[in-house]
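Everything below belongs to data03.txt, which stores compact mmCIF, C-alpha atoms.
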```
# COMPACT_ATOMS: atom_id res chain seq x y z
CA MET A 248 73.33 55.44 53.50
CA GLN A 249 75.33 57.14 56.21
CA LEU A 250 75.36 54.19 58.61
CA LEU A 251 76.93 51.88 56.02
CA GLU A 252 79.39 54.53 54.81
CA ASN A 253 80.53 55.03 58.39
CA ALA A 254 80.99 51.29 58.85
CA ILE A 255 83.05 51.12 55.66
CA LEU A 256 85.24 54.03 56.76
CA GLU A 257 85.68 52.80 60.31
CA ARG A 258 85.83 49.04 59.86
CA GLY A 259 86.70 48.47 56.19
CA ARG A 260 90.22 48.14 54.84
CA VAL A 261 91.55 48.93 51.38
CA LYS A 262 94.02 46.34 50.10
CA ASP A 263 96.18 46.40 46.98
CA GLY A 264 94.57 49.44 45.40
CA GLU A 265 90.99 48.54 44.54
CA VAL A 266 90.14 45.71 46.92
CA LEU A 267 87.84 46.77 49.74
CA LYS A 268 87.70 44.30 52.62
CA VAL A 269 84.53 44.50 54.70
CA ASP A 270 85.03 41.13 56.32
CA ALA A 271 84.80 42.65 59.80
CA PHE A 272 81.07 43.35 59.48
CA LEU A 273 79.55 42.23 56.18
CA ASN A 274 80.91 39.09 54.56
CA HIS A 275 82.94 36.98 56.95
CA GLN A 276 82.14 38.30 60.39
CA MET A 277 78.59 39.65 60.13
CA ASP A 278 77.25 42.47 62.28
CA VAL A 279 73.63 41.40 62.26
CA ALA A 280 72.37 44.57 63.97
CA LEU A 281 73.94 46.68 61.22
CA ILE A 282 72.70 44.29 58.53
CA ASN A 283 69.21 44.60 59.96
CA GLU A 284 69.39 48.35 59.36
CA LEU A 285 70.43 47.63 55.76
CA GLY A 286 67.47 45.27 55.45
CA LYS A 287 65.10 47.97 56.72
CA GLU A 288 66.51 50.39 54.19
CA PHE A 289 66.04 47.91 51.31
CA PHE A 290 62.47 47.49 52.51
CA ARG A 291 61.93 51.23 52.58
CA ARG A 292 63.17 51.51 48.99
CA PHE A 293 61.31 48.50 47.53
CA GLN A 294 58.26 48.12 49.77
CA ASP A 295 55.81 49.27 47.07
CA GLN A 296 57.05 46.77 44.48
CA GLY A 297 54.98 43.75 45.50
CA VAL A 298 58.08 41.62 46.17
CA THR A 299 57.20 37.92 46.59
CA LYS A 300 60.71 36.46 46.77
CA ILE A 301 64.30 37.49 47.39
CA LEU A 302 66.99 35.85 45.28
CA THR A 303 70.68 35.95 46.20
CA ILE A 304 73.81 33.91 45.60
CA GLU A 305 75.89 31.98 48.08
CA ALA A 306 77.68 32.65 50.29
CA SER A 307 77.94 36.26 51.47
CA GLY A 308 74.53 37.28 50.16
CA ILE A 309 72.57 34.73 52.16
CA GLY A 310 72.65 36.36 55.59
CA ILE A 311 71.88 39.80 54.19
CA ALA A 312 69.03 38.39 52.11
CA CYS A 313 67.53 36.46 55.05
CA ILE A 314 67.53 39.46 57.38
CA THR A 315 66.12 41.67 54.61
CA ALA A 316 63.42 39.11 53.81
CA GLN A 317 62.12 39.36 57.37
CA HIS A 318 61.05 42.92 56.61
CA PHE A 319 59.29 41.90 53.40
CA GLY A 320 57.74 38.75 54.85
CA VAL A 321 58.85 36.67 51.86
CA PRO A 322 61.13 33.63 51.41
CA VAL A 323 64.72 33.73 50.24
CA VAL A 324 66.12 31.55 47.48
CA PHE A 325 69.85 31.36 47.07
CA ALA A 326 71.56 30.29 43.87
CA LYS A 327 74.30 27.75 44.42
CA LYS A 328 77.76 28.04 42.99
CA THR A 329 78.82 24.74 41.58
CA GLN A 330 81.06 23.13 39.05
CA SER A 331 78.84 20.09 38.98
CA ARG A 332 75.05 20.15 38.82
CA ASN A 333 73.82 18.08 41.70
CA ILE A 334 70.42 19.52 42.54
CA ASP A 335 67.73 17.01 41.78
CA GLY A 336 64.86 17.90 39.49
CA GLU A 337 64.71 20.62 36.91
CA VAL A 338 67.25 23.40 37.40
CA LEU A 339 67.92 26.81 35.94
CA THR A 340 71.56 27.60 35.37
CA SER A 341 73.82 30.37 34.15
CA GLN A 342 77.52 31.07 34.11
CA VAL A 343 79.36 33.58 36.28
CA THR A 344 82.94 34.81 36.03
CA SER A 345 84.74 35.40 39.30
CA PHE A 346 87.38 38.08 38.80
CA THR A 347 88.57 37.58 42.38
CA HIS A 348 89.22 33.89 41.84
CA GLN A 349 89.85 34.12 38.08
CA ARG A 350 87.58 31.32 37.02
CA ASN A 351 84.12 30.64 35.62
CA TYR A 352 81.52 28.68 37.47
CA ASP A 353 77.89 27.74 37.01
CA ILE A 354 75.20 28.99 39.34
CA ILE A 355 72.05 26.95 39.68
CA VAL A 356 68.68 27.22 41.26
CA SER A 357 65.90 24.67 41.43
CA ALA A 358 63.18 25.61 38.95
CA ARG A 359 60.58 24.80 41.62
CA PHE A 360 61.50 27.90 43.59
CA LEU A 361 61.08 30.56 40.91
CA ASP A 362 57.58 30.83 39.51
CA PRO A 363 56.35 33.02 36.64
CA SER A 364 54.06 34.74 39.14
CA ASP A 365 57.00 35.78 41.34
CA ARG A 366 58.17 39.36 41.71
CA VAL A 367 61.83 38.95 42.60
CA LEU A 368 64.13 41.31 44.44
CA LEU A 369 67.82 40.51 43.90
CA ILE A 370 70.12 41.12 46.87
CA ASP A 371 73.90 40.95 47.09
CA ASP A 372 76.71 42.36 49.18
CA PHE A 373 78.81 43.81 46.34
CA LEU A 374 78.31 45.07 42.79
CA ALA A 375 81.59 45.49 40.91
CA LYS A 376 81.86 43.94 37.44
CA GLY A 377 78.29 42.68 37.76
CA SER A 378 78.90 39.11 36.66
CA ALA A 379 77.11 37.49 39.62
CA MET A 380 74.17 39.88 39.29
CA LEU A 381 73.91 39.20 35.53
CA GLY A 382 73.87 35.50 36.35
CA LEU A 383 70.99 35.98 38.79
CA ILE A 384 69.10 38.09 36.25
CA SER A 385 69.45 35.27 33.72
CA LEU A 386 68.04 32.74 36.20
CA VAL A 387 64.98 34.90 36.84
CA GLN A 388 64.45 35.52 33.15
CA GLN A 389 64.60 31.80 32.43
CA SER A 390 61.92 31.21 35.08
CA GLY A 391 59.55 33.76 33.59
CA ALA A 392 59.36 35.66 36.87
CA GLN A 393 59.55 39.44 37.07
CA ILE A 394 62.60 41.29 38.44
CA VAL A 395 61.51 44.25 40.53
CA GLY A 396 65.02 45.45 41.26
CA ALA A 397 68.42 44.83 42.75
CA GLY A 398 69.42 45.84 46.26
CA ILE A 399 73.17 46.13 46.66
CA CYS A 400 75.03 46.92 49.86
CA ILE A 401 78.21 48.29 48.30
CA GLU A 402 78.58 49.30 44.66
CA LYS A 403 81.97 50.04 43.17
CA GLY A 404 80.81 53.00 41.13
CA PHE A 405 84.07 53.13 39.21
CA ASP A 406 83.57 49.60 37.89
CA VAL A 407 81.34 48.49 35.04
CA GLY A 408 78.64 46.49 36.83
CA GLY A 409 76.29 49.30 37.82
CA GLU A 410 76.00 50.59 34.26
CA ALA A 411 75.66 47.05 32.89
CA ILE A 412 72.70 46.26 35.15
CA ARG A 413 70.99 49.67 34.92
CA SER A 414 71.25 49.61 31.11
CA LEU A 415 69.00 46.54 31.18
CA GLY A 416 66.32 48.74 32.74
CA ILE A 417 66.74 47.19 36.17
CA HIS A 418 66.10 49.37 39.19
CA VAL A 419 69.31 49.23 41.21
CA GLU A 420 69.48 50.61 44.73
CA SER A 421 72.96 50.64 46.24
CA LEU A 422 73.25 51.64 49.88
CA ALA A 423 76.83 52.84 49.47
CA VAL A 424 78.51 53.73 46.17
CA ILE A 425 82.26 54.06 46.08
CA LYS A 426 83.48 56.65 43.61
CA GLU A 427 87.17 55.98 44.07
CA MET A 428 89.74 54.42 46.34
CA GLN A 429 93.13 56.04 46.11
CA ASN A 430 96.01 55.58 48.51
CA GLY A 431 93.63 53.80 50.84
CA GLN A 432 91.23 56.77 50.88
CA ILE A 433 87.61 55.93 50.11
CA VAL A 434 85.43 58.54 48.39
CA PHE A 435 81.69 57.94 48.16
CA ASP A 436 79.48 58.94 45.25
CA HIS A 437 76.12 60.45 46.21
CA GLU A 438 75.12 61.15 42.63
CA ILE A 439 74.22 57.70 41.32
CA GLU A 440 70.47 57.35 41.27
CA PRO A 441 68.38 54.39 40.18
CA ALA A 442 67.45 54.25 36.52
CA MET B 275 60.40 20.91 68.17
CA GLN B 276 56.95 20.32 66.78
CA LEU B 277 56.98 23.20 64.31
CA LEU B 278 60.13 21.93 62.61
CA GLU B 279 58.96 18.30 62.65
CA ASN B 280 55.76 19.38 60.96
CA ALA B 281 57.69 21.28 58.31
CA ILE B 282 59.86 18.23 57.65
CA LEU B 283 56.83 15.96 57.32
CA GLU B 284 54.85 18.36 55.17
CA ARG B 285 57.54 19.97 53.03
CA GLY B 286 60.54 17.61 53.20
CA ARG B 287 61.17 14.77 50.76
CA VAL B 288 63.05 11.52 51.30
CA LYS B 289 65.24 10.56 48.36
CA ASP B 290 67.20 7.39 47.74
CA GLY B 291 66.79 5.92 51.20
CA GLU B 292 68.57 8.16 53.68
CA VAL B 293 68.69 11.53 51.94
CA LEU B 294 66.28 14.06 53.40
CA LYS B 295 65.69 17.08 51.18
CA VAL B 296 64.53 20.18 53.04
CA ASP B 297 65.37 22.56 50.22
CA ALA B 298 61.82 23.91 50.18
CA PHE B 299 62.24 25.71 53.50
CA LEU B 300 65.70 25.36 55.05
CA ASN B 301 68.69 25.21 52.73
CA HIS B 302 67.87 26.39 49.23
CA GLN B 303 64.57 28.19 49.51
CA MET B 304 64.51 29.58 53.04
CA ASP B 305 61.31 30.19 55.00
CA VAL B 306 62.63 33.04 57.13
CA ALA B 307 59.53 33.16 59.36
CA LEU B 308 60.00 29.49 60.25
CA ILE B 309 63.76 29.97 60.66
CA ASN B 310 63.06 32.85 63.03
CA GLU B 311 61.12 30.43 65.23
CA LEU B 312 64.11 28.07 65.18
CA GLY B 313 66.34 31.01 66.15
CA LYS B 314 64.06 31.85 69.07
CA GLU B 315 64.21 28.24 70.21
CA PHE B 316 68.03 28.17 70.03
CA PHE B 317 67.99 31.35 72.12
CA ARG B 318 65.66 29.77 74.66
CA ARG B 319 68.00 26.80 75.00
CA PHE B 320 71.31 28.69 75.14
CA GLN B 321 70.37 32.09 76.52
CA ASP B 322 72.10 31.50 79.87
CA GLN B 323 75.42 30.53 78.34
CA GLY B 324 76.92 33.99 77.83
CA VAL B 325 77.23 33.53 74.06
CA THR B 326 79.40 36.24 72.47
CA LYS B 327 79.61 34.88 68.92
CA ILE B 328 77.89 32.42 66.61
CA LEU B 329 80.06 30.35 64.29
CA THR B 330 78.70 28.49 61.28
CA ILE B 331 79.91 27.23 57.93
CA GLU B 332 78.92 28.36 54.46
CA ALA B 333 76.53 28.16 52.82
CA SER B 334 73.31 26.78 54.32
CA GLY B 335 74.21 27.65 57.88
CA ILE B 336 74.64 31.36 57.28
CA GLY B 337 71.01 32.44 57.08
CA ILE B 338 70.03 30.33 60.07
CA ALA B 339 72.97 31.68 62.07
CA CYS B 340 72.22 35.32 61.17
CA ILE B 341 68.57 35.09 62.15
CA THR B 342 69.48 33.25 65.36
CA ALA B 343 72.16 35.84 66.17
CA GLN B 344 69.53 38.58 66.20
CA HIS B 345 68.02 36.97 69.28
CA PHE B 346 71.39 36.76 71.04
CA GLY B 347 72.55 40.21 69.95
CA VAL B 348 75.94 38.86 68.85
CA PRO B 349 77.83 38.74 65.53
CA VAL B 350 78.05 35.73 63.23
CA VAL B 351 81.27 34.41 61.79
CA PHE B 352 81.07 31.90 58.99
CA ALA B 353 83.90 29.55 58.08
CA LYS B 354 84.63 29.45 54.38
CA LYS B 355 84.97 26.30 52.37
CA THR B 356 87.93 26.52 50.12
CA GLN B 357 90.47 24.46 48.30
CA SER B 358 92.86 27.41 48.26
CA ARG B 359 93.56 29.68 51.22
CA ASN B 360 92.91 33.20 50.05
CA ILE B 361 91.93 35.10 53.17
CA ASP B 362 94.52 37.69 54.01
CA GLY B 363 96.16 37.70 57.40
CA GLU B 364 96.42 34.89 59.90
CA VAL B 365 93.87 32.12 59.42
CA LEU B 366 92.70 29.09 61.32
CA THR B 367 92.02 26.04 59.22
CA SER B 368 90.80 22.49 59.48
CA GLN B 369 89.77 19.75 57.08
CA VAL B 370 86.25 18.53 56.45
CA THR B 371 85.05 15.49 54.54
CA SER B 372 81.90 15.92 52.48
CA PHE B 373 80.16 12.58 52.16
CA THR B 374 77.55 14.13 49.86
CA HIS B 375 80.19 15.34 47.42
CA GLN B 376 82.79 12.67 48.26
CA ARG B 377 85.74 14.95 48.70
CA ASN B 378 87.80 16.67 51.38
CA TYR B 379 88.08 20.42 51.65
CA ASP B 380 89.65 22.94 53.98
CA ILE B 381 87.56 25.32 56.00
CA ILE B 382 89.11 28.55 57.12
CA VAL B 383 88.31 31.47 59.33
CA SER B 384 90.25 34.64 59.91
CA ALA B 385 92.00 34.45 63.27
CA ARG B 386 90.91 38.06 63.94
CA PHE B 387 87.30 36.99 64.41
CA LEU B 388 87.72 34.33 67.11
CA ASP B 389 89.19 35.60 70.35
CA PRO B 390 90.18 33.58 73.42
CA SER B 391 87.59 35.59 75.36
CA ASP B 392 84.76 34.45 73.03
CA ARG B 393 82.03 32.07 74.09
CA VAL B 394 81.00 30.47 70.82
CA LEU B 395 77.71 28.86 69.85
CA LEU B 396 78.02 26.61 66.77
CA ILE B 397 75.01 26.57 64.45
CA ASP B 398 74.31 24.37 61.43
CA ASP B 399 71.38 23.06 59.46
CA PHE B 400 72.25 19.34 59.60
CA LEU B 401 74.21 16.99 61.81
CA ALA B 402 74.83 13.61 60.18
CA LYS B 403 78.38 12.24 60.16
CA GLY B 404 79.53 15.33 62.04
CA SER B 405 82.53 16.17 59.88
CA ALA B 406 81.62 19.84 59.36
CA MET B 407 80.85 20.27 63.06
CA LEU B 408 84.16 18.63 64.05
CA GLY B 409 85.90 21.06 61.69
CA LEU B 410 84.22 24.03 63.37
CA ILE B 411 85.14 22.67 66.81
CA SER B 412 88.77 22.45 65.73
CA LEU B 413 88.72 26.08 64.57
CA VAL B 414 87.37 27.27 67.92
CA GLN B 415 89.87 25.16 69.84
CA GLN B 416 92.75 26.59 67.80
CA SER B 417 91.57 30.11 68.66
CA GLY B 418 91.47 29.42 72.39
CA ALA B 419 87.81 30.45 72.58
CA GLN B 420 85.24 28.48 74.56
CA ILE B 421 82.53 26.39 72.89
CA VAL B 422 79.26 26.76 74.75
CA GLY B 423 77.35 24.32 72.56
CA ALA B 424 76.05 23.35 69.16
CA GLY B 425 72.58 24.21 67.90
CA ILE B 426 71.47 21.91 65.09
CA CYS B 427 68.25 22.17 63.14
CA ILE B 428 68.03 18.54 62.02
CA GLU B 429 70.08 15.69 63.44
CA LYS B 430 70.18 12.30 61.77
CA GLY B 431 70.04 10.34 65.00
CA PHE B 432 70.86 7.10 63.20
CA ASP B 433 74.19 8.49 61.98
CA VAL B 434 77.41 8.83 63.93
CA GLY B 435 77.77 12.62 64.25
CA GLY B 436 75.63 13.21 67.33
CA GLU B 437 77.55 10.68 69.41
CA ALA B 438 80.89 11.94 68.06
CA ILE B 439 80.17 15.51 69.14
CA ARG B 440 78.49 14.71 72.45
CA SER B 441 81.34 12.38 73.43
CA LEU B 442 83.61 15.45 73.34
CA GLY B 443 81.49 16.90 76.15
CA ILE B 444 79.81 19.41 73.87
CA HIS B 445 76.26 20.41 74.66
CA VAL B 446 74.28 19.62 71.51
CA GLU B 447 70.71 20.83 71.06
CA SER B 448 68.98 19.46 67.97
CA LEU B 449 65.55 20.84 67.18
CA ALA B 450 64.49 17.71 65.29
CA VAL B 451 66.14 14.31 65.57
CA ILE B 452 65.37 11.70 62.95
CA LYS B 453 65.39 8.17 64.29
CA GLU B 454 64.86 6.45 60.98
CA MET B 455 63.70 6.93 57.43
CA GLN B 456 62.28 3.80 55.88
CA ASN B 457 60.32 3.62 52.66
CA GLY B 458 60.05 7.37 52.73
CA GLN B 459 58.56 7.37 56.24
CA ILE B 460 60.26 9.67 58.73
CA VAL B 461 60.27 8.70 62.40
CA PHE B 462 61.45 11.25 64.96
CA ASP B 463 63.37 10.47 68.12
CA HIS B 464 62.26 12.37 71.22
CA GLU B 465 64.71 10.56 73.53
CA ILE B 466 68.01 12.18 72.64
CA GLU B 467 68.88 14.74 75.29
CA PRO B 468 71.90 16.98 75.51
CA ALA B 469 74.91 15.57 77.32
```

Mind turning the file's structure into structure tokens?
Amino acid sequence: MQLLENAILERGRVKDGEVLKVDAFLNHQMDVALINELGKEFFRRFQDQGVTKILTIEASGIGIACITAQHFGVPVVFAKKTQSRNIDGEVLTSQVTSFTHQRNYDIIVSARFLDPSDRVLLIDDFLAKGSAMLGLISLVQQSGAQIVGAGICIEKGFDVGGEAIRSLGIHVESLAVIKEMQNGQIVFDHEIEPA
Amino acid sequence: MQLLENAILERGRVKDGEVLKVDAFLNHQMDVALINELGKEFFRRFQDQGVTKILTIEASGIGIACITAQHFGVPVVFAKKTQSRNIDGEVLTSQVTSFTHQRNYDIIVSARFLDPSDRVLLIDDFLAKGSAMLGLISLVQQSGAQIVGAGICIEKGFDVGGEAIRSLGIHVESLAVIKEMQNGQIVFDHEIEPA
């Protein structure tokens, strides 16, 4: 998506080789007008899928998911990152590895908010190693709901997550796919298509 | 605000005396259509204040802030909760006490995203003891920006936070103020007005 690629080139910063900082518009300061265009594009790509709920993970995914959900007219549920399990009632849980913070943590969601009749669209800001997305997939599978796909803002195409998720048969739509980052230069991949 | 009070009465749950759970529509599952009405109401109340930025704190505040920001046409910045300080560059930080989780944590925001010329509206889902809101106020004060007010979805009027924030001269607008919760019965207060 040209608009997002332009934002990455103009307002993103490459740090320490393979770290892309998009904190100026996507995941610390949030450009809600831009994010609304991303939400429209997710809607365009998944509008025929009968989505009943959007599932994301705190924290960066929440704003993107909420703005996207306005286009679908469905609620958002966000999985909570926690080292304790302090949601009351029955919960679904899975484990996620953070490579950024080099630790494992549990993610949880109240079982009340994922129903077997739900058709769930997963939304997140980044797809790199895919651990958070695999955690969300596990939560949905435990609930008995159907996953209709995953909408990702920025996929690191050179990392393993995209293949890991697509190989499960999940329809992944990434609005920008980064092929490589070398010497601070970002090259986009326009070849990756959904499975 | 009648719409929010109705949602609290119909979809909220009182647990263990003074804990109000609104996870069905506000801070775990998120009813984005309802939240859009809250955003419109925040806009109605603060539209003349020249707001240039909305500041909130992860995680529950982010979706509410993003949807509200669409009405103002301004970006959102969310402070991160962290026990380490891993944002690159200069950061502003303050300490918050979580009474729910019985611990202290630092909140941080990149100094790049709060400018002395900014007129900042604070947004959060709850105001109870006020610790998170006081932390956000400290961040804005460190940046030299101006606080134009605080927009709160649900204020626990029987707790100390509202008085603590208003006594600083900050214009607080709470869309629902709870006077008391006894035996699971919620009574709203329609007397609290902004300072």

10 Å contact set for range 256-261 of chain A, all atoms listed in the file, chain neighbours under 6 positions out, as an mmCIF file with C-alpha atoms, in the frame of the given file:
```cif
data_model
loop_
_atom_site.group_PDB
_atom_site.id
_atom_site.type_symbol
_atom_site.label_atom_id
_atom_site.label_comp_id
_atom_site.auth_asym_id
_atom_site.auth_seq_id
_atom_site.Cartn_x
_atom_site.Cartn_y
_atom_site.Cartn_z
ATOM 1 C CA LEU A 267 87.840 46.770 49.740
ATOM 2 C CA LYS A 268 87.700 44.300 52.620
ATOM 3 C CA VAL A 269 84.530 44.500 54.700
ATOM 4 C CA ASP A 270 85.030 41.130 56.320
ATOM 5 C CA ALA A 271 84.800 42.650 59.800
ATOM 6 C CA PHE A 272 81.070 43.350 59.480
ATOM 7 C CA LEU A 273 79.550 42.230 56.180
ATOM 8 C CA MET A 428 89.740 54.420 46.340
ATOM 9 C CA GLN A 429 93.130 56.040 46.110
ATOM 10 C CA ASN A 430 96.010 55.580 48.510
ATOM 11 C CA GLY A 431 93.630 53.800 50.840
ATOM 12 C CA GLN A 432 91.230 56.770 50.880
ATOM 13 C CA ILE A 433 87.610 55.930 50.110
ATOM 14 C CA VAL A 434 85.430 58.540 48.390
#
```

Expected answer as an MDAnalysis selection string: chain B residues within 6 Å of chain A, all atoms listed in the file
chainID B and resid 302:306 333 336:337 340 349:352

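Proximity to Val434 in chain B was assessed for B:Val370, B:Val325, B:Leu395, B:Met407 counting only C-alpha atoms; the smallest distance is recorded for B:Met407.
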
Just the residues within 12 Å of range 438-440 of chain B, please, counting only C-alpha atoms, with nothing from its chain fewer than 4 positions along; format it as a PyMOL selection string.
chain B and resi 396+401-412+421+423-426+429+431+433-434+444-448+466-469

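CA of Tyr352 in chain A lies 28.7 Å from CA of Lys426 in chain A.
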
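A straight line drawn from CA of Thr367 in chain B to CA of Pro390 in chain B is 16.2 Å long.
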
Given the choices B:Val422, B:Thr356, B:Val451, B:Ile381, which gets closest to Asp322 in chain B if the distance is worked out from all atoms listed in the file?
B:Val422

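Take CA of Phe405 in chain A and CA of Phe435 in chain A: the distance between them is 10.4 Å.
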
For Ala419 in chain B, work out the shell of residues within 7 Å, counting all atoms listed in the file and skipping chain neighbours fewer than 3 positions away, then give it as an MDAnalysis selection string.
chainID B and resid 388:393 414:415
